[in-house]
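Source file: entry07.cif. Holds: mmCIF, C-alpha atoms and all ligand atoms.
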data_coords
#
loop_
_atom_site.label_atom_id
_atom_site.label_comp_id
_atom_site.auth_asym_id
_atom_site.auth_seq_id
_atom_site.Cartn_x
_atom_site.Cartn_y
_atom_site.Cartn_z
CA MET A 1012 27.37 8.06 9.70
CA GLU A 1013 23.82 9.34 9.71
CA LYS A 1014 21.54 7.75 7.15
CA GLN A 1015 20.58 10.02 4.29
CA TYR A 1016 16.94 10.52 3.37
CA ILE A 1017 15.04 11.98 0.47
CA PRO A 1018 11.90 14.10 1.18
CA ILE A 1019 9.73 11.86 -1.01
CA ASP A 1020 7.15 9.29 0.10
CA LEU A 1021 5.15 7.45 -2.54
CA HIS A 1022 3.04 5.05 -0.43
CA CYS A 1023 0.93 6.08 2.57
CA HIS A 1024 -2.48 5.36 4.14
CA SER A 1025 -5.17 7.40 5.88
CA THR A 1026 -8.54 6.69 7.50
CA HIS A 1027 -9.95 6.36 3.99
CA SER A 1028 -8.56 2.81 4.22
CA ASP A 1029 -6.75 1.12 7.12
CA GLY A 1030 -4.56 3.97 8.32
CA SER A 1031 -5.39 5.49 11.68
CA LEU A 1032 -4.68 9.15 10.86
CA SER A 1033 -6.99 11.40 8.85
CA ILE A 1034 -5.77 12.93 5.60
CA ARG A 1035 -4.97 16.17 7.43
CA GLU A 1036 -3.19 14.41 10.29
CA VAL A 1037 -1.05 12.23 8.06
CA LEU A 1038 -0.09 15.04 5.68
CA THR A 1039 0.78 17.27 8.65
CA LEU A 1040 2.98 14.52 10.08
CA ALA A 1041 4.68 14.02 6.70
CA LYS A 1042 5.33 17.76 6.47
CA THR A 1043 6.80 17.74 9.99
CA ASN A 1044 9.11 14.94 8.89
CA GLY A 1045 10.34 17.10 6.01
CA ALA A 1046 8.26 15.81 3.10
CA VAL A 1047 8.35 17.75 -0.15
CA TYR A 1048 6.44 15.14 -2.20
CA GLN A 1049 3.84 12.99 -0.45
CA ALA A 1050 1.53 10.40 -1.99
CA ILE A 1051 -1.76 9.21 -0.52
CA THR A 1052 -2.36 5.61 -1.64
CA ASP A 1053 -5.35 4.21 0.20
CA HIS A 1054 -6.52 0.65 -0.45
CA ASP A 1055 -9.00 0.46 -3.33
CA THR A 1056 -10.10 4.09 -3.16
CA VAL A 1057 -9.33 7.61 -4.34
CA GLU A 1058 -12.02 9.19 -2.15
CA GLY A 1059 -9.47 10.97 0.04
CA ILE A 1060 -7.63 12.62 -2.83
CA ALA A 1061 -9.75 15.76 -3.24
CA GLU A 1062 -9.29 16.62 0.42
CA ALA A 1063 -5.61 15.67 0.22
CA ARG A 1064 -5.03 18.07 -2.69
CA GLN A 1065 -6.56 20.94 -0.74
CA THR A 1066 -4.75 20.14 2.51
CA ALA A 1067 -1.39 19.63 0.78
CA LYS A 1068 -1.77 23.04 -0.82
CA GLU A 1069 -2.36 24.65 2.57
CA LEU A 1070 0.64 22.88 4.05
CA GLY A 1071 2.97 23.66 1.14
CA LEU A 1072 3.38 20.00 0.15
CA ASN A 1073 3.32 18.49 -3.34
CA LEU A 1074 0.61 15.83 -3.34
CA ILE A 1075 1.05 12.75 -5.52
CA PRO A 1076 -2.52 11.43 -5.97
CA GLY A 1077 -2.46 7.67 -5.65
CA VAL A 1078 -4.20 4.39 -4.87
CA GLU A 1079 -3.19 0.88 -3.79
CA ILE A 1080 -5.28 -1.71 -5.61
CA SER A 1081 -5.82 -5.22 -4.21
CA VAL A 1082 -5.18 -7.81 -6.93
CA THR A 1083 -5.77 -11.54 -7.11
CA TRP A 1084 -3.08 -12.92 -9.37
CA HIS A 1085 -3.55 -16.38 -10.93
CA ASN A 1086 -6.64 -17.29 -8.89
CA ASN A 1087 -5.29 -17.11 -5.38
CA THR A 1088 -2.18 -14.97 -4.97
CA LEU A 1089 -2.66 -11.56 -3.34
CA VAL A 1090 -0.58 -8.74 -4.83
CA HIS A 1091 -0.88 -4.99 -4.25
CA ILE A 1092 -0.44 -2.54 -7.13
CA VAL A 1093 0.16 1.13 -6.37
CA GLY A 1094 -0.97 3.77 -8.87
CA LEU A 1095 0.81 7.13 -8.74
CA GLY A 1096 -0.35 10.30 -10.46
CA VAL A 1097 -3.86 8.98 -11.12
CA ASP A 1098 -6.79 11.24 -11.96
CA GLU A 1099 -9.19 10.72 -9.06
CA THR A 1100 -12.12 11.90 -11.18
CA ASN A 1101 -11.64 9.24 -13.86
CA GLN A 1102 -15.02 7.51 -14.21
CA VAL A 1103 -13.76 3.98 -14.87
CA LEU A 1104 -11.28 4.15 -12.00
CA VAL A 1105 -13.90 5.50 -9.59
CA SER A 1106 -16.64 3.03 -10.52
CA GLU A 1107 -14.40 -0.04 -10.58
CA LEU A 1108 -12.87 0.85 -7.20
CA ALA A 1109 -16.39 1.31 -5.80
CA LYS A 1110 -17.13 -2.34 -6.70
CA LEU A 1111 -14.00 -3.54 -4.90
CA ARG A 1112 -14.93 -1.48 -1.86
CA ALA A 1113 -18.45 -2.89 -1.74
CA SER A 1114 -16.97 -6.39 -1.72
CA ARG A 1115 -15.08 -5.49 1.49
CA ILE A 1116 -18.36 -5.33 3.40
CA GLU A 1117 -19.45 -8.75 2.13
CA ARG A 1118 -16.06 -10.22 3.01
CA GLY A 1119 -16.21 -8.59 6.44
CA LYS A 1120 -19.48 -10.42 7.16
CA ARG A 1121 -17.83 -13.73 6.24
CA ILE A 1122 -14.85 -12.97 8.50
CA GLY A 1123 -17.32 -12.15 11.30
CA ASP A 1124 -19.21 -15.44 10.72
CA ASN A 1125 -15.96 -17.40 10.77
CA LEU A 1126 -14.89 -15.83 14.05
CA ALA A 1127 -18.35 -16.42 15.56
CA LYS A 1128 -17.96 -20.14 14.75
CA ILE A 1129 -14.88 -20.33 16.96
CA GLY A 1130 -16.59 -18.51 19.83
CA ILE A 1131 -15.86 -14.85 19.02
CA PRO A 1132 -19.21 -13.15 18.29
CA GLY A 1133 -19.67 -9.52 17.27
CA ALA A 1134 -16.49 -9.08 15.24
CA PHE A 1135 -18.17 -7.65 12.12
CA ALA A 1136 -19.98 -4.89 14.05
CA GLY A 1137 -16.91 -4.35 16.21
CA ALA A 1138 -14.51 -3.96 13.29
CA LEU A 1139 -17.00 -1.74 11.47
CA SER A 1140 -17.22 0.55 14.51
CA LEU A 1141 -13.47 1.21 14.18
CA CYS A 1142 -13.82 2.41 10.56
CA ASP A 1143 -14.31 6.07 9.67
CA HIS A 1144 -15.46 4.99 6.22
CA PRO A 1145 -17.44 1.70 6.39
CA GLU A 1146 -16.46 0.56 2.90
CA ALA A 1147 -12.81 0.73 3.97
CA LEU A 1148 -13.43 -2.27 6.25
CA SER A 1149 -10.12 -4.11 6.36
CA ARG A 1150 -8.54 -7.06 8.12
CA THR A 1151 -6.58 -4.33 9.93
CA HIS A 1152 -9.81 -3.21 11.64
CA PHE A 1153 -10.60 -6.81 12.65
CA SER A 1154 -7.08 -7.07 14.01
CA GLN A 1155 -7.54 -3.88 16.07
CA TRP A 1156 -10.90 -5.09 17.42
CA LEU A 1157 -9.51 -8.55 18.31
CA VAL A 1158 -6.67 -6.92 20.26
CA GLN A 1159 -9.01 -4.43 21.92
CA GLU A 1160 -11.29 -7.25 23.09
CA GLY A 1161 -8.39 -9.27 24.44
CA HIS A 1162 -8.56 -12.08 21.87
CA ALA A 1163 -5.01 -11.45 20.66
CA LYS A 1164 -1.88 -9.71 21.86
CA PRO A 1165 -0.88 -6.54 19.94
CA GLY A 1166 0.64 -7.49 16.60
CA LYS A 1167 -0.54 -11.13 16.85
CA ALA A 1168 -4.12 -11.08 15.49
CA PHE A 1169 -3.09 -11.78 11.89
CA GLU A 1170 -1.08 -14.87 12.66
CA LYS A 1171 -3.69 -16.11 15.15
CA TYR A 1172 -6.91 -15.37 13.22
CA LEU A 1173 -6.68 -13.40 9.99
CA ALA A 1174 -3.86 -14.71 7.79
CA PRO A 1175 -4.53 -17.39 5.14
CA GLY A 1176 -5.14 -20.74 6.81
CA ARG A 1177 -6.25 -19.14 10.10
CA PRO A 1178 -9.88 -19.49 11.33
CA GLY A 1179 -11.07 -15.98 10.50
CA TYR A 1180 -9.65 -15.98 7.00
CA THR A 1181 -11.90 -16.11 3.97
CA ALA A 1182 -10.81 -16.12 0.33
CA GLN A 1183 -11.59 -13.02 -1.67
CA THR A 1184 -11.29 -12.31 -5.38
CA TRP A 1185 -9.97 -8.81 -5.96
CA ALA A 1186 -9.13 -7.09 -9.27
CA SER A 1187 -7.18 -8.88 -11.99
CA LEU A 1188 -3.61 -7.71 -12.56
CA GLU A 1189 -4.55 -6.63 -16.06
CA ASN A 1190 -7.49 -4.52 -14.90
CA ALA A 1191 -5.62 -2.90 -12.02
CA VAL A 1192 -2.82 -1.79 -14.34
CA LYS A 1193 -5.34 -0.67 -16.97
CA TRP A 1194 -7.42 1.43 -14.54
CA ILE A 1195 -4.26 3.13 -13.28
CA THR A 1196 -2.63 3.84 -16.64
CA GLU A 1197 -5.88 4.87 -18.35
CA SER A 1198 -6.44 7.44 -15.63
CA GLY A 1199 -3.01 8.92 -16.32
CA GLY A 1200 -1.10 7.10 -13.58
CA VAL A 1201 2.01 4.98 -13.33
CA ALA A 1202 1.58 1.41 -12.02
CA ILE A 1203 4.01 0.09 -9.41
CA ILE A 1204 4.27 -3.36 -7.77
CA ALA A 1205 3.99 -2.69 -4.02
CA HIS A 1206 6.35 -4.18 -1.39
CA PRO A 1207 7.49 -7.25 -3.38
CA GLY A 1208 9.55 -8.44 -0.41
CA ARG A 1209 6.33 -9.21 1.46
CA TYR A 1210 5.14 -11.81 -0.99
CA LYS A 1211 8.00 -14.22 -0.27
CA PHE A 1212 7.94 -15.32 -3.92
CA THR A 1213 10.81 -17.23 -5.46
CA ARG A 1214 12.88 -15.15 -7.86
CA THR A 1215 11.33 -17.04 -10.78
CA LYS A 1216 7.79 -16.29 -9.60
CA LEU A 1217 8.60 -12.60 -9.04
CA ILE A 1218 10.05 -12.31 -12.54
CA LYS A 1219 6.93 -14.00 -13.94
CA LEU A 1220 4.77 -11.42 -12.13
CA ILE A 1221 6.95 -8.61 -13.48
CA GLU A 1222 6.81 -9.87 -17.06
CA GLU A 1223 3.00 -10.09 -16.97
CA PHE A 1224 2.78 -6.72 -15.24
CA LYS A 1225 4.98 -5.11 -17.92
CA SER A 1226 2.95 -6.70 -20.71
CA PHE A 1227 -0.17 -4.94 -19.34
CA GLY A 1228 1.62 -1.57 -19.16
CA GLY A 1229 3.08 -1.63 -15.63
CA SER A 1230 6.19 0.45 -15.04
CA GLY A 1231 7.75 0.11 -11.62
CA ILE A 1232 8.36 -1.67 -8.34
CA GLU A 1233 9.02 -0.58 -4.78
CA VAL A 1234 12.66 -0.98 -3.85
CA ILE A 1235 12.53 1.02 -0.61
CA SER A 1236 9.59 -0.03 1.60
CA SER A 1237 9.08 -0.42 5.32
CA SER A 1238 8.45 -4.10 4.63
CA HIS A 1239 11.91 -4.58 3.11
CA SER A 1240 15.17 -5.71 4.67
CA ILE A 1241 18.47 -4.36 3.34
CA GLN A 1242 18.82 -7.68 1.50
CA ASP A 1243 15.35 -7.22 -0.09
CA GLU A 1244 16.39 -3.72 -1.26
CA ALA A 1245 19.53 -5.09 -2.92
CA ASN A 1246 17.64 -8.00 -4.52
CA ILE A 1247 14.86 -5.82 -5.89
CA ALA A 1248 17.32 -3.20 -7.15
CA ALA A 1249 19.07 -5.96 -9.11
CA ILE A 1250 15.70 -7.16 -10.48
CA CYS A 1251 14.94 -3.57 -11.57
CA ARG A 1252 18.13 -3.46 -13.58
CA LEU A 1253 17.39 -6.88 -15.09
CA THR A 1254 13.75 -6.19 -16.05
CA GLY A 1255 13.90 -2.46 -16.80
CA LEU A 1256 11.31 -1.50 -14.18
CA VAL A 1257 11.63 1.90 -12.55
CA ALA A 1258 12.22 2.02 -8.79
CA SER A 1259 9.89 3.54 -6.18
CA VAL A 1260 10.10 4.42 -2.47
CA GLY A 1261 7.32 4.30 0.13
CA SER A 1262 6.85 4.32 3.87
CA ASP A 1263 3.57 2.37 3.59
CA PHE A 1264 2.71 4.28 6.75
CA HIS A 1265 -0.50 3.22 8.55
CA GLN A 1266 -0.25 4.29 12.17
CA GLU A 1267 2.15 5.51 14.82
CA GLU A 1268 2.44 2.25 16.74
CA SER A 1269 3.20 -0.28 14.10
CA TYR A 1270 5.40 -3.15 13.07
CA ARG A 1271 6.45 -0.92 10.21
CA LYS A 1272 9.35 1.30 11.06
CA ILE A 1273 9.46 4.04 8.40
CA ARG A 1274 7.85 7.38 9.26
CA PRO A 1275 5.72 9.08 6.60
CA GLY A 1276 7.27 11.86 4.55
CA ARG A 1277 10.72 10.61 3.74
CA ASN A 1278 12.57 7.53 2.57
CA LYS A 1279 16.04 6.16 2.24
CA MET A 1280 17.83 7.00 -1.00
CA LEU A 1281 17.54 4.51 -3.87
CA PRO A 1282 20.56 2.33 -4.61
CA LEU A 1283 22.94 3.69 -7.25
CA GLY A 1284 22.13 2.36 -10.73
CA THR A 1285 18.36 2.14 -10.25
CA ASN A 1286 16.16 4.18 -12.54
CA PRO A 1287 13.72 6.12 -10.33
CA VAL A 1288 10.01 6.61 -11.02
CA PHE A 1289 10.40 10.25 -9.93
CA PRO A 1290 10.61 12.01 -13.33
CA LEU A 1291 7.53 10.11 -14.55
CA ILE A 1292 5.41 11.77 -11.85
CA GLY A 1293 6.86 15.24 -12.02
CA ILE A 1294 9.35 15.09 -9.14
CA GLU A 1295 12.23 17.47 -9.69
CA PRO A 1296 15.78 16.04 -9.70
CA ASN A 1297 17.14 18.44 -7.09
CA TYR A 1298 15.07 16.59 -4.46
CA TYR A 1299 16.83 13.27 -4.82
CA THR A 1300 20.25 11.74 -4.85
CA PHE A 1301 21.33 8.10 -4.81
CA GLU A 1302 22.96 5.98 -2.19
CA SER A 1303 26.70 6.05 -2.88
CA GLN A 1304 28.54 2.77 -3.16
CA SER A 1305 31.29 3.78 -0.71
P1 LIG B 1 -7.19 -6.39 3.61
O1 LIG B 1 -6.86 -5.56 2.39
O2 LIG B 1 -8.43 -5.96 4.29
O3 LIG B 1 -7.11 -7.86 3.36
O4 LIG B 1 -6.08 -6.05 4.71
C1 LIG B 1 -4.73 -6.14 4.38
C2 LIG B 1 -3.98 -5.15 5.24
O5 LIG B 1 -3.67 -5.74 6.48
C3 LIG B 1 -2.65 -4.78 4.63
O6 LIG B 1 -2.79 -3.66 3.82
C4 LIG B 1 -1.80 -4.48 5.83
O7 LIG B 1 -1.99 -3.12 6.19
C5 LIG B 1 -2.40 -5.33 6.91
N1 LIG B 1 -1.62 -6.56 7.18
C6 LIG B 1 -1.44 -7.60 6.34
N2 LIG B 1 -0.70 -8.56 6.94
C7 LIG B 1 -0.44 -8.12 8.20
C8 LIG B 1 0.25 -8.65 9.32
N3 LIG B 1 0.83 -9.85 9.28
N4 LIG B 1 0.30 -7.89 10.44
C9 LIG B 1 -0.29 -6.69 10.51
N5 LIG B 1 -0.96 -6.11 9.47
C10 LIG B 1 -1.03 -6.83 8.34
MN MN B 2 -2.96 -1.70 4.75
MN MN B 3 0.05 -3.28 0.59
MN MN B 4 -0.02 -0.01 1.66
#
Please rewrite the model in this file as structure tokens.
Amino acid sequence: MEKQYIPIDLHCHSTHSDGSLSIREVLTLAKTNGAVYQAITDHDTVEGIAEARQTAKELGLNLIPGVEISVTWHNNTLVHIVGLGVDETNQVLVSELAKLRASRIERGKRIGDNLAKIGIPGAFAGALSLCDHPEALSRTHFSQWLVQEGHAKPGKAFEKYLAPGRPGYTAQTWASLENAVKWITESGGVAIIAHPGRYKFTRTKLIKLIEEFKSFGGSGIEVISSSHSIQDEANIAAICRLTGLVASVGSDFHQEESYRKIRPGRNKMLPLGTNPVFPLIGIEPNYYTFESQS
């Protein structure tokens, strides 16, 4: 039987962070794929949202204004928190995100220095040349440059150079969990733990994260994500029921050729019994149904 999809996508990137399509290109692709509600959630920025609002209007799409904030949890654990329905003009949100973005340039220099030490010069300038917006500089751009220059096979630059413990890696302190949730909720948004399946936490550690996240005002977690296996979806759905978090869905789309398989603009239905984030961000019930148990 053909898989059933809902025309809702609550996690997606553009060239304002490490996606390779512009706001117009990615929204057009989402629309082609049938999207009715499409979020833009670039890393540590809301700079693309004004353009996204205008473009979505032209295309007849409902834009969900969003952000994906990089968080350092308990000194050294990287977690991503998605904000949905944020006000992109909120002064605290805008100024705090600007600080995180500036730190990307400083980190990029350190990554470049580390790669130079192992005989790969020019990585900082090279990665920067692949960015439309310099402050978006991401490990993704380093990965693209390393592949382009023949230092790594496609899809292998992270494990060879950029992941923790690899020679190009450098530690970075991002936002605190408390601040990320606060900036999102105080700008009118709903905070969501992104792609929990990617963290490879034990169940105990994930529940600890969720309890802290809830205590700061966080609301939801991604159940459907391109990073998740069917087993991850079932596990996270059960954790939603246990902890009372609402469930979200997101392609986490970055580029056409990618290790991620979900196209932008639509997602699988949520498992029956999960409480969706949809009503909290103004999504009308006639656009979603749940996966049946049969
Ligand atoms: P940054 O925020 O600059 O540290 O870059 C993190 C980004 O790199 C994530 O948002 C992903 O898009 C991408 N990424 C992380 N791990 C991998 C991986 N193993 N392979 C490919 N892309 C990855
Ligand atoms: Mn990314
Ligand atoms: Mn992420
Ligand atoms: Mn993402």
Contacts of chain A with ligand MN 3 (chain B) up to 9 Å, shortest pair per row, only C-alpha atoms and all ligand atoms, as CSV:
residue,atom,partner,partner_atom,distance
A:His1022,CA,B:MN3,MN,8.9
A:His1054,CA,B:MN3,MN,7.7
A:Glu1079,CA,B:MN3,MN,6.9
A:Ile1080,CA,B:MN3,MN,8.3
A:Ser1081,CA,B:MN3,MN,7.8
A:Val1090,CA,B:MN3,MN,7.7
A:His1091,CA,B:MN3,MN,5.2
A:Ile1092,CA,B:MN3,MN,7.8
A:Val1093,CA,B:MN3,MN,8.2
A:Ala1205,CA,B:MN3,MN,6.1
A:His1206,CA,B:MN3,MN,6.7
A:Arg1209,CA,B:MN3,MN,8.7
A:Asp1263,CA,B:MN3,MN,7.3
Determine, for each residue of chain A having at least one atom at most 7 Å from an atom of ligand LIG 1 (chain B), the closest pair of atoms and their separation in Å to one decimal, counting all atoms listed in the file; order by chain and ascending number, as CSV.
residue,atom,partner,partner_atom,distance
A:Asp1029,CA,B:LIG1,O7,6.4
A:His1054,CA,B:LIG1,O1,6.8
A:Ser1081,CA,B:LIG1,O1,6.7
A:Leu1148,CA,B:LIG1,O2,6.5
A:Ser1149,CA,B:LIG1,O2,3.3
A:Arg1150,CA,B:LIG1,O2,4.0
A:Thr1151,CA,B:LIG1,O5,4.7
A:Gly1166,CA,B:LIG1,N4,6.2
A:Phe1169,CA,B:LIG1,N3,5.1
A:Glu1170,CA,B:LIG1,N3,6.3
A:Ala1174,CA,B:LIG1,N3,6.9
A:His1265,CA,B:LIG1,O7,6.9
Please, could you write that set of residues out with C-alpha atoms as a PDB file, in the frame of the given file?
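See result.pdb below for the written result:
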ATOM      1  CA  ASP A1029      -6.750   1.120   7.120  1.00  0.00           C
ATOM      2  CA  HIS A1054      -6.520   0.650  -0.450  1.00  0.00           C
ATOM      3  CA  SER A1081      -5.820  -5.220  -4.210  1.00  0.00           C
ATOM      4  CA  LEU A1148     -13.430  -2.270   6.250  1.00  0.00           C
ATOM      5  CA  SER A1149     -10.120  -4.110   6.360  1.00  0.00           C
ATOM      6  CA  ARG A1150      -8.540  -7.060   8.120  1.00  0.00           C
ATOM      7  CA  THR A1151      -6.580  -4.330   9.930  1.00  0.00           C
ATOM      8  CA  GLY A1166       0.640  -7.490  16.600  1.00  0.00           C
ATOM      9  CA  PHE A1169      -3.090 -11.780  11.890  1.00  0.00           C
ATOM     10  CA  GLU A1170      -1.080 -14.870  12.660  1.00  0.00           C
ATOM     11  CA  ALA A1174      -3.860 -14.710   7.790  1.00  0.00           C
ATOM     12  CA  HIS A1265      -0.500   3.220   8.550  1.00  0.00           C
TER      13      HIS A1265
END
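With distances taken over all atoms listed in the file, A:His1027 is the one residue among A:Ile1235, A:Gly1228, A:His1027, A:Lys1128 lying closest to A:Ala1061.
One distance worth recording is that between atom CA of A:Leu1220 and atom CA of A:Ser1114, which is 24.6 Å.
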- Query: How many Å separate atom CA of A:Leu1021 from atom CA of A:Asn1286?
  - Reply: 15.2 Å
- Task: Using only C-alpha atoms, find the one residue out of A:Val1103, A:Ala1182, A:Met1280, A:Val1260 that sits nearest to A:Glu1302.
- Result: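 Selected residue with least distance to A:Glu1302: A:Met1280.
Proximity of A:Val1078, A:Arg1214, A:Asn1278, A:Leu1253 to A:Ala1046, computed with all atoms listed in the file, is greatest for A:Asn1278.
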- Task: Find the residues around stretch 1118-1121 of chain A up to 9 Å (all atoms listed in the file counted), leave out those fewer than 5 positions away in its own chain, and share them as a list of chain:residue names.
- Result: A:Leu1126, A:Ala1134, A:Phe1135, A:Ala1136, A:Ala1138, A:Leu1139, A:Leu1148, A:Ser1149, A:Arg1150, A:Phe1153, A:Gly1179, A:Tyr1180, A:Thr1181, A:Ala1182, A:Gln1183
- Item | Atom pair atom CA of A:Ser1236 / atom CA of A:Gly1261: separation (Å) |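 So the answer is 5.1 Å.
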- Task: Go through A:Thr1213, A:Thr1254, A:Ser1262, A:Thr1100 one by one, measure the shortest atom-to-atom distance of each to ligand MN 2 (chain B) using all atoms listed in the file, and give the residue with the smallest value.
- Result: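 That would be A:Ser1262, the residue with the smallest distance to ligand MN 2 (chain B).
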